[in-house]
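Step one of this worksheet: look at the structure below.
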Amino acid sequence: MLINKAKKSACLESEITPENIYRQRRKFIKMSAAGLAASTASASLLIAGCDDAKSKNSAHLNKAGTGVLASPKDTLTPYADITSYNNFYEFGLGKEDPAKYATNFPSKPWTVSVEGEVDKPGTFTLEDILKPHAVEERIYRLRCVEAWSMVIPWNGFPLADLIKRFSPNANAKFVEFFTLHDPEQMPGQRRPYLDWPYREGLTMAEAMNPLTFMATGLYGKSLLGQNGAPLRLVVPWKYGFKSIKSIVKIRFTRQQPRTSWSDQAPAEYGFYANVNPMVNHPRWSQRKERRIGEFRKRDTLMFNGYADEVAHLYANLDLKKFF
Amino acid sequence: MAAMNSKAPLPIYNIQVLKSGFFLLSCLPVLFLLYRFLFDNLGANPIEEIIRYLGLWAYHFLILTLSISVLREQFRLNRLFFLRRMFGLFTFFYASIHFLAYIVLDQYFDWMEIWLDIKDRPLITSGFLALLLLLPLTITSNIKSIQYLGALQWRRLHKLIYLISICALLHYYWMVKLVGISTFIYLFILTMLLFYRIPFIRRIKWFQGQSN
């Protein structure tokens, strides 16, 4: 893929710490947290210690397969954390609920319908959707609006490649996505937490950006229910709720589509929802974030560190107003 | 329960035993947290889990504290009254380490961020205010203070618990993104306990009937 050329925001694979080393770091972090109670000085020694562990073992990484990256000092979040700490209200409000209630998901055949301003609409089986695309790996930062983040090695293909197959016409200005609505399989949908089904949207320019990704797996394994099986969006420069899971419908529209969280609380969640440390959420400062597995918070980067790739999309937009 | 309802006063040593028992029970949540910490059983985001867990237990103890008066008035469980102070102190204990965990684990002494949080975010402001208001109640929760202030003043001061409860309610409500069933139950219970204090509601016959 074209995307493989090195960018400022990308980093070498050798800068990524593999999962087993990462585990050790977490132990260190835990120990340092305990040490804190006794003395801050000893805690910082322990934290320094983990960086040592990382540099000594960075050679491991080169084995880990092909991939494009996130940024220096990013470490892959362990598979166990990515698959046990999820916001997916279709399966319940608790972070652990999706892993608990999505074990057999999806248990029925999957289709995706494509509608709206396209020359080739239709309803496609999952196989039809996936068949023409070569699966590639993308390592992306995921920044949740709740001020935590992960680094996830996704498998999938660019959304742009999928969209081109349906030949959108000149009226297509936005793309709208819908999650499955099936309370039988998704127990959270039996309660009116949100106006089901979950819906999200992008501008055409955002959807066609080479970073925008359709994921079918992570860590080289098929997506689990809690991560949005079998097909989900990944938009790494936007807050996590934009990356809609378990997609069954894609519609091309002239008008800006409604989106679930913006419907729910328009003052808190906008249509764009770009990661932006300068625009605070009323409940969470967006200046910093906690990387899952790390002790100290880190600064949140504009567009989640992908400004080089996407800032031009918003050149004429007041991001404080269109948050 | 039958023994509780009998009119004979409880022997002093029984009160001591009960007190010690409830004290140990009240320590269990923090001991269980320690156990989960040591056995790496706090999930993917241990800091968030620790803070939420401690906050929830502060909330539990606030509910227990406010329930004691209701139990006394509605069910004549006068003998449990000594628990009110203990539960109040445990409310302060859990709220304090909840706040301490926020300062140390979440913000890591980033005083600027902490100040901005308290100043700009109603979620944090309300929680901070609740803890701040608990402080004078904690300091004066002894016989000497009652004697020093006089019963009337002391009681007036301790009415702050209602303001604290309102702050705690808001703190909890603003913390959740969506109100699920368990959150609704928590909010409902504390709201009912506050409603019970409104004089107009206490004059309703049903409540008076229960205590006659």
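In the structure tokens, each chain is lettered A, B, ... as it comes, each chain's residues begin at 1, and ligands are numbered from 1 in order of appearance.
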
(request) Write down, as a ChimeraX atom specification, each residue of chain A that has any atom within 10 Å of an atom of chain B, counting only C-alpha atoms. (result) /A:27,30-31,33-34,36-37,77-78,80-86,89,92-96,146,148,191-194,264-265,280-285,287-288,290-297

(request) Going by DSSP on the backbone, which bits of region 4-199 of chain B are alpha helix (DSSP H)? Write them as a PyMOL selection string, please. (result) chain B and resi 4-5+12-38+46-75+82-101+111-120+122-139+143-149+151-158+160-175+181-195+199

Write the residues you've just listed into a file as a compact mmCIF listing (two decimals), in the first residue's frame, and include C-alpha atoms for each of them.
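What landed in selection-v1.txt:
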# COMPACT_ATOMS: atom_id res chain seq x y z
CA MET B 4 -33.23 -6.06 68.40
CA ASN B 5 -36.84 -5.04 68.89
CA ILE B 12 -22.53 -2.40 77.16
CA TYR B 13 -20.25 -5.30 76.23
CA ASN B 14 -22.67 -6.27 73.46
CA ILE B 15 -22.38 -2.79 72.01
CA GLN B 16 -18.62 -3.11 72.07
CA VAL B 17 -18.79 -6.45 70.27
CA LEU B 18 -21.19 -5.03 67.68
CA LYS B 19 -19.00 -1.99 67.21
CA SER B 20 -15.89 -4.07 66.62
CA GLY B 21 -17.79 -6.33 64.26
CA PHE B 22 -19.11 -3.48 62.16
CA PHE B 23 -15.70 -1.82 62.21
CA LEU B 24 -14.07 -4.92 60.74
CA LEU B 25 -16.86 -5.31 58.18
CA SER B 26 -16.41 -1.71 57.12
CA CYS B 27 -12.70 -2.34 56.55
CA LEU B 28 -13.39 -5.29 54.24
CA PRO B 29 -13.84 -3.25 51.03
CA VAL B 30 -10.41 -1.65 51.30
CA LEU B 31 -8.83 -4.99 52.23
CA PHE B 32 -10.48 -6.60 49.22
CA LEU B 33 -9.10 -3.82 47.02
CA LEU B 34 -5.63 -4.50 48.41
CA TYR B 35 -6.08 -8.17 47.59
CA ARG B 36 -7.14 -7.37 44.01
CA PHE B 37 -4.16 -5.03 43.66
CA LEU B 38 -1.67 -7.62 44.89
CA PRO B 46 -6.35 -0.43 37.32
CA ILE B 47 -6.14 3.26 38.24
CA GLU B 48 -9.67 3.96 37.03
CA GLU B 49 -10.90 0.83 38.78
CA ILE B 50 -9.29 1.79 42.13
CA ILE B 51 -10.71 5.30 42.02
CA ARG B 52 -14.23 4.23 41.03
CA TYR B 53 -14.28 1.43 43.58
CA LEU B 54 -13.27 3.73 46.44
CA GLY B 55 -15.75 6.38 45.33
CA LEU B 56 -18.53 3.84 45.20
CA TRP B 57 -17.74 2.69 48.73
CA ALA B 58 -17.76 6.27 50.01
CA TYR B 59 -21.22 6.49 48.44
CA HIS B 60 -22.31 3.21 50.08
CA PHE B 61 -21.26 4.48 53.50
CA LEU B 62 -23.04 7.78 52.94
CA ILE B 63 -26.22 5.82 52.23
CA LEU B 64 -25.66 3.70 55.36
CA THR B 65 -25.08 6.82 57.47
CA LEU B 66 -28.30 8.43 56.29
CA SER B 67 -30.24 5.18 56.74
CA ILE B 68 -29.54 4.94 60.44
CA SER B 69 -31.97 7.72 61.36
CA VAL B 70 -34.65 6.16 59.18
CA LEU B 71 -34.14 2.77 60.82
CA ARG B 72 -34.40 4.41 64.21
CA GLU B 73 -37.53 6.36 63.48
CA GLN B 74 -39.40 3.89 61.32
CA PHE B 75 -38.36 0.60 62.84
CA PHE B 82 -24.13 4.20 67.63
CA LEU B 83 -23.38 3.06 64.09
CA ARG B 84 -24.22 6.44 62.63
CA ARG B 85 -20.97 8.02 63.73
CA MET B 86 -18.93 5.01 62.62
CA PHE B 87 -20.52 4.94 59.18
CA GLY B 88 -20.07 8.69 58.90
CA LEU B 89 -16.37 8.34 59.67
CA PHE B 90 -16.03 5.52 57.14
CA THR B 91 -17.73 7.76 54.56
CA PHE B 92 -14.95 10.26 55.19
CA PHE B 93 -12.31 7.52 55.13
CA TYR B 94 -13.37 6.13 51.75
CA ALA B 95 -13.94 9.60 50.27
CA SER B 96 -10.45 10.63 51.42
CA ILE B 97 -8.60 7.72 49.88
CA HIS B 98 -10.79 8.08 46.78
CA PHE B 99 -9.51 11.67 46.51
CA LEU B 100 -5.96 10.65 47.40
CA ALA B 101 -6.02 8.01 44.65
CA TRP B 111 -1.42 20.45 40.79
CA MET B 112 -2.17 22.63 37.78
CA GLU B 113 -4.35 19.93 36.19
CA ILE B 114 -5.98 19.22 39.56
CA TRP B 115 -6.80 22.90 40.03
CA LEU B 116 -8.22 23.19 36.51
CA ASP B 117 -10.29 20.03 37.08
CA ILE B 118 -11.77 21.42 40.31
CA LYS B 119 -12.36 24.83 38.74
CA ASP B 120 -13.72 23.86 35.32
CA PRO B 122 -18.62 20.31 37.70
CA LEU B 123 -18.01 16.57 38.04
CA ILE B 124 -14.81 17.21 40.01
CA THR B 125 -16.03 20.38 41.74
CA SER B 126 -18.99 18.58 43.30
CA GLY B 127 -16.87 15.68 44.54
CA PHE B 128 -14.24 18.00 45.97
CA LEU B 129 -16.90 20.08 47.70
CA ALA B 130 -18.45 16.96 49.24
CA LEU B 131 -15.10 15.94 50.70
CA LEU B 132 -14.36 19.46 51.93
CA LEU B 133 -17.71 19.64 53.73
CA LEU B 134 -17.14 16.23 55.30
CA LEU B 135 -14.04 17.59 57.01
CA PRO B 136 -15.72 19.69 59.75
CA LEU B 137 -18.15 16.85 60.45
CA THR B 138 -15.29 14.42 60.86
CA ILE B 139 -13.36 16.75 63.17
CA ILE B 143 -18.29 13.91 72.58
CA LYS B 144 -15.89 16.76 73.39
CA SER B 145 -16.97 18.69 70.31
CA ILE B 146 -20.63 18.23 71.16
CA GLN B 147 -19.94 19.59 74.62
CA TYR B 148 -17.84 22.44 73.26
CA LEU B 149 -20.32 23.49 70.55
CA ALA B 151 -25.95 20.13 71.15
CA LEU B 152 -27.95 22.64 69.13
CA GLN B 153 -24.97 24.14 67.30
CA TRP B 154 -23.49 20.71 66.77
CA ARG B 155 -26.69 19.42 65.24
CA ARG B 156 -26.96 22.47 63.05
CA LEU B 157 -23.39 21.93 61.81
CA HIS B 158 -24.07 18.29 61.08
CA LEU B 160 -24.24 19.77 56.33
CA ILE B 161 -24.57 16.06 55.57
CA TYR B 162 -27.58 16.93 53.38
CA LEU B 163 -25.54 19.36 51.30
CA ILE B 164 -22.79 16.75 51.12
CA SER B 165 -25.32 14.20 49.88
CA ILE B 166 -26.52 16.52 47.13
CA CYS B 167 -22.89 17.08 46.06
CA ALA B 168 -22.31 13.32 46.08
CA LEU B 169 -25.45 12.73 43.99
CA LEU B 170 -24.33 15.24 41.38
CA HIS B 171 -20.78 13.88 41.44
CA TYR B 172 -22.08 10.40 40.69
CA TYR B 173 -24.60 11.55 38.09
CA TRP B 174 -22.04 13.60 36.18
CA MET B 175 -19.54 10.75 36.27
CA ILE B 181 -30.08 0.44 35.98
CA SER B 182 -27.52 0.19 38.78
CA THR B 183 -26.73 3.91 38.59
CA PHE B 184 -30.43 4.68 38.66
CA ILE B 185 -30.90 2.57 41.79
CA TYR B 186 -27.99 4.28 43.53
CA LEU B 187 -29.27 7.73 42.66
CA PHE B 188 -32.81 6.76 43.64
CA ILE B 189 -31.87 5.45 47.09
CA LEU B 190 -29.91 8.55 48.07
CA THR B 191 -32.63 10.82 46.69
CA MET B 192 -35.28 8.99 48.75
CA LEU B 193 -33.14 9.28 51.88
CA LEU B 194 -32.93 13.02 51.29
CA PHE B 195 -36.66 13.32 50.58
CA PRO B 199 -40.44 18.21 56.94

(message) So that I can see what lies close to region 252-262 of chain A, please list as a ChimeraX atom specification the residues with an atom at most 8 Å from it, counting only C-alpha atoms and leaving out residues fewer than 2 positions away in the same chain.
(response) /A:115-118,168,171-176,194-195,198-201,203,241,250,264-271

Let's have the selection written as an mmCIF file, in the first residue's frame, with N, CA and C atoms.
data_model
loop_
_atom_site.group_PDB
_atom_site.id
_atom_site.type_symbol
_atom_site.label_atom_id
_atom_site.label_comp_id
_atom_site.auth_asym_id
_atom_site.auth_seq_id
_atom_site.Cartn_x
_atom_site.Cartn_y
_atom_site.Cartn_z
ATOM 1 N N GLU A 115 -26.293 1.824 0.313
ATOM 2 C CA GLU A 115 -27.440 2.586 -0.186
ATOM 3 C C GLU A 115 -27.065 4.028 -0.475
ATOM 4 N N GLY A 116 -28.012 4.755 -1.028
ATOM 5 C CA GLY A 116 -27.861 6.200 -1.186
ATOM 6 C C GLY A 116 -27.244 6.595 -2.511
ATOM 7 N N GLU A 117 -26.429 7.622 -2.455
ATOM 8 C CA GLU A 117 -25.903 8.253 -3.663
ATOM 9 C C GLU A 117 -24.754 7.450 -4.282
ATOM 10 N N VAL A 118 -25.054 6.227 -4.720
ATOM 11 C CA VAL A 118 -24.037 5.392 -5.373
ATOM 12 C C VAL A 118 -24.612 4.763 -6.644
ATOM 13 N N PRO A 168 -19.616 5.967 -5.820
ATOM 14 C CA PRO A 168 -20.461 7.062 -5.326
ATOM 15 C C PRO A 168 -20.612 8.127 -6.412
ATOM 16 N N ASN A 171 -23.277 13.559 -5.892
ATOM 17 C CA ASN A 171 -24.062 14.050 -4.752
ATOM 18 C C ASN A 171 -23.599 13.514 -3.412
ATOM 19 N N ALA A 172 -22.768 12.497 -3.446
ATOM 20 C CA ALA A 172 -22.339 11.869 -2.191
ATOM 21 C C ALA A 172 -21.346 12.783 -1.476
ATOM 22 N N LYS A 173 -21.808 13.409 -0.407
ATOM 23 C CA LYS A 173 -20.942 14.309 0.363
ATOM 24 C C LYS A 173 -20.550 13.694 1.714
ATOM 25 N N PHE A 174 -21.348 12.762 2.176
ATOM 26 C CA PHE A 174 -21.099 12.130 3.474
ATOM 27 C C PHE A 174 -21.331 10.619 3.375
ATOM 28 N N VAL A 175 -20.699 9.885 4.291
ATOM 29 C CA VAL A 175 -20.959 8.452 4.399
ATOM 30 C C VAL A 175 -21.514 8.197 5.796
ATOM 31 N N GLU A 176 -22.590 7.423 5.829
ATOM 32 C CA GLU A 176 -23.267 7.136 7.080
ATOM 33 C C GLU A 176 -23.131 5.636 7.346
ATOM 34 N N LEU A 194 -29.235 4.216 24.095
ATOM 35 C CA LEU A 194 -29.085 5.148 22.973
ATOM 36 C C LEU A 194 -30.252 4.872 22.025
ATOM 37 N N ASP A 195 -30.411 5.767 21.056
ATOM 38 C CA ASP A 195 -31.460 5.571 20.064
ATOM 39 C C ASP A 195 -30.946 4.558 19.037
ATOM 40 N N TYR A 198 -26.938 2.138 16.625
ATOM 41 C CA TYR A 198 -25.845 3.092 16.682
ATOM 42 C C TYR A 198 -25.517 3.555 15.268
ATOM 43 N N ARG A 199 -25.266 4.854 15.120
ATOM 44 C CA ARG A 199 -24.965 5.386 13.794
ATOM 45 C C ARG A 199 -23.798 6.352 13.873
ATOM 46 N N GLU A 200 -23.009 6.378 12.841
ATOM 47 C CA GLU A 200 -21.876 7.295 12.766
ATOM 48 C C GLU A 200 -21.752 7.815 11.352
ATOM 49 N N GLY A 201 -20.889 8.810 11.159
ATOM 50 C CA GLY A 201 -20.741 9.366 9.825
ATOM 51 C C GLY A 201 -19.411 10.061 9.632
ATOM 52 N N THR A 203 -17.298 12.773 6.547
ATOM 53 C CA THR A 203 -17.381 13.457 5.257
ATOM 54 C C THR A 203 -16.735 12.540 4.221
ATOM 55 N N PHE A 241 -15.392 6.782 19.682
ATOM 56 C CA PHE A 241 -16.799 6.492 19.371
ATOM 57 C C PHE A 241 -17.133 6.689 17.899
ATOM 58 N N ILE A 250 -24.120 0.895 5.010
ATOM 59 C CA ILE A 250 -23.328 2.058 4.631
ATOM 60 C C ILE A 250 -24.178 2.861 3.662
ATOM 61 N N GLN A 264 -27.398 12.171 21.420
ATOM 62 C CA GLN A 264 -27.577 11.930 22.847
ATOM 63 C C GLN A 264 -27.214 13.168 23.677
ATOM 64 N N ALA A 265 -26.098 13.804 23.366
ATOM 65 C CA ALA A 265 -25.628 14.960 24.126
ATOM 66 C C ALA A 265 -24.875 15.903 23.183
ATOM 67 N N PRO A 266 -25.635 16.747 22.457
ATOM 68 C CA PRO A 266 -25.009 17.578 21.417
ATOM 69 C C PRO A 266 -23.954 18.548 21.957
ATOM 70 N N ALA A 267 -24.080 18.933 23.227
ATOM 71 C CA ALA A 267 -23.098 19.870 23.779
ATOM 72 C C ALA A 267 -21.768 19.174 24.080
ATOM 73 N N GLU A 268 -21.809 17.833 24.197
ATOM 74 C CA GLU A 268 -20.609 17.110 24.592
ATOM 75 C C GLU A 268 -19.897 16.437 23.418
ATOM 76 N N TYR A 269 -20.675 15.994 22.433
ATOM 77 C CA TYR A 269 -20.085 15.233 21.332
ATOM 78 C C TYR A 269 -20.525 15.847 20.005
ATOM 79 N N GLY A 270 -19.548 16.219 19.188
ATOM 80 C CA GLY A 270 -19.865 16.814 17.898
ATOM 81 C C GLY A 270 -19.820 15.788 16.779
ATOM 82 N N PHE A 271 -20.111 16.247 15.562
ATOM 83 C CA PHE A 271 -20.052 15.358 14.406
ATOM 84 C C PHE A 271 -18.601 15.018 14.074
#

(request) From region 187-307 of chain A, collect each residue whose DSSP state is strand (DSSP E) and return the set as an NGL selection string. (result) :A and (199-203 or 213-218 or 221-222 or 232-234 or 247-253 or 288-291 or 298-299)

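If you look at CA of Tyr219 (chain A) and CA of His181 (chain A), they are 27.2 Å away from each other.
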
Pick out the residues sitting within 10 Å of Val234 (chain A), and hand them over as a short mmCIF file (atom, residue, chain, number, x, y, z; two decimals) with N, CA and C atoms, in the first residue's frame; count only C-alpha atoms, and ignore anything fewer than 6 positions along from it in its own chain.
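Writing done, so here's selection_39.cif:
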data_model
loop_
_atom_site.label_atom_id
_atom_site.label_comp_id
_atom_site.auth_asym_id
_atom_site.auth_seq_id
_atom_site.Cartn_x
_atom_site.Cartn_y
_atom_site.Cartn_z
N ARG A 138 -2.25 -2.33 10.19
CA ARG A 138 -2.03 -0.92 10.55
C ARG A 138 -1.95 -0.82 12.06
N TYR A 140 -2.29 1.56 14.95
CA TYR A 140 -2.84 2.89 15.19
C TYR A 140 -3.02 3.13 16.68
N LEU A 142 -5.43 4.52 19.45
CA LEU A 142 -6.88 4.70 19.62
C LEU A 142 -7.07 5.59 20.85
N TRP A 154 -4.18 -3.34 13.90
CA TRP A 154 -5.39 -3.77 13.20
C TRP A 154 -5.05 -4.56 11.94
N GLY A 156 -6.91 -5.33 8.15
CA GLY A 156 -8.06 -4.92 7.36
C GLY A 156 -7.62 -4.28 6.06
N PRO A 158 -8.11 -0.36 3.48
CA PRO A 158 -8.55 1.03 3.52
C PRO A 158 -10.02 1.16 3.13
N LEU A 159 -10.74 2.01 3.83
CA LEU A 159 -12.15 2.24 3.51
C LEU A 159 -12.29 2.76 2.07
N LEU A 211 -5.72 7.03 5.75
CA LEU A 211 -5.64 6.48 7.11
C LEU A 211 -6.91 5.74 7.50
N THR A 212 -8.04 6.13 6.91
CA THR A 212 -9.33 5.57 7.33
C THR A 212 -9.40 4.10 6.91
N PHE A 213 -9.75 3.26 7.86
CA PHE A 213 -9.50 1.83 7.72
C PHE A 213 -10.74 1.02 8.08
N MET A 214 -10.95 -0.07 7.35
CA MET A 214 -11.98 -1.03 7.74
C MET A 214 -11.26 -2.22 8.36
N ALA A 215 -11.53 -2.49 9.63
CA ALA A 215 -10.80 -3.57 10.30
C ALA A 215 -11.66 -4.83 10.35
N GLY A 240 -12.67 7.58 19.86
CA GLY A 240 -13.02 6.20 19.58
C GLY A 240 -14.45 5.97 19.16
N PHE A 241 -15.39 6.78 19.68
CA PHE A 241 -16.80 6.49 19.37
C PHE A 241 -17.13 6.69 17.90
N LYS A 242 -16.23 7.40 17.15
CA LYS A 242 -16.46 7.54 15.70
C LYS A 242 -16.20 6.23 14.96
N SER A 243 -15.35 5.38 15.57
CA SER A 243 -14.95 4.14 14.90
C SER A 243 -16.01 3.07 15.13
N ILE A 244 -17.10 3.19 14.40
CA ILE A 244 -18.30 2.38 14.62
C ILE A 244 -18.03 0.89 14.39
N LYS A 245 -18.66 0.08 15.24
CA LYS A 245 -18.41 -1.36 15.23
C LYS A 245 -19.55 -2.12 14.53
#

(request) Could you jot down the CA of Lys120 (chain A) to CA of Gly228 (chain A) separation for me, Å, one decimal place? (result) 25.7 Å
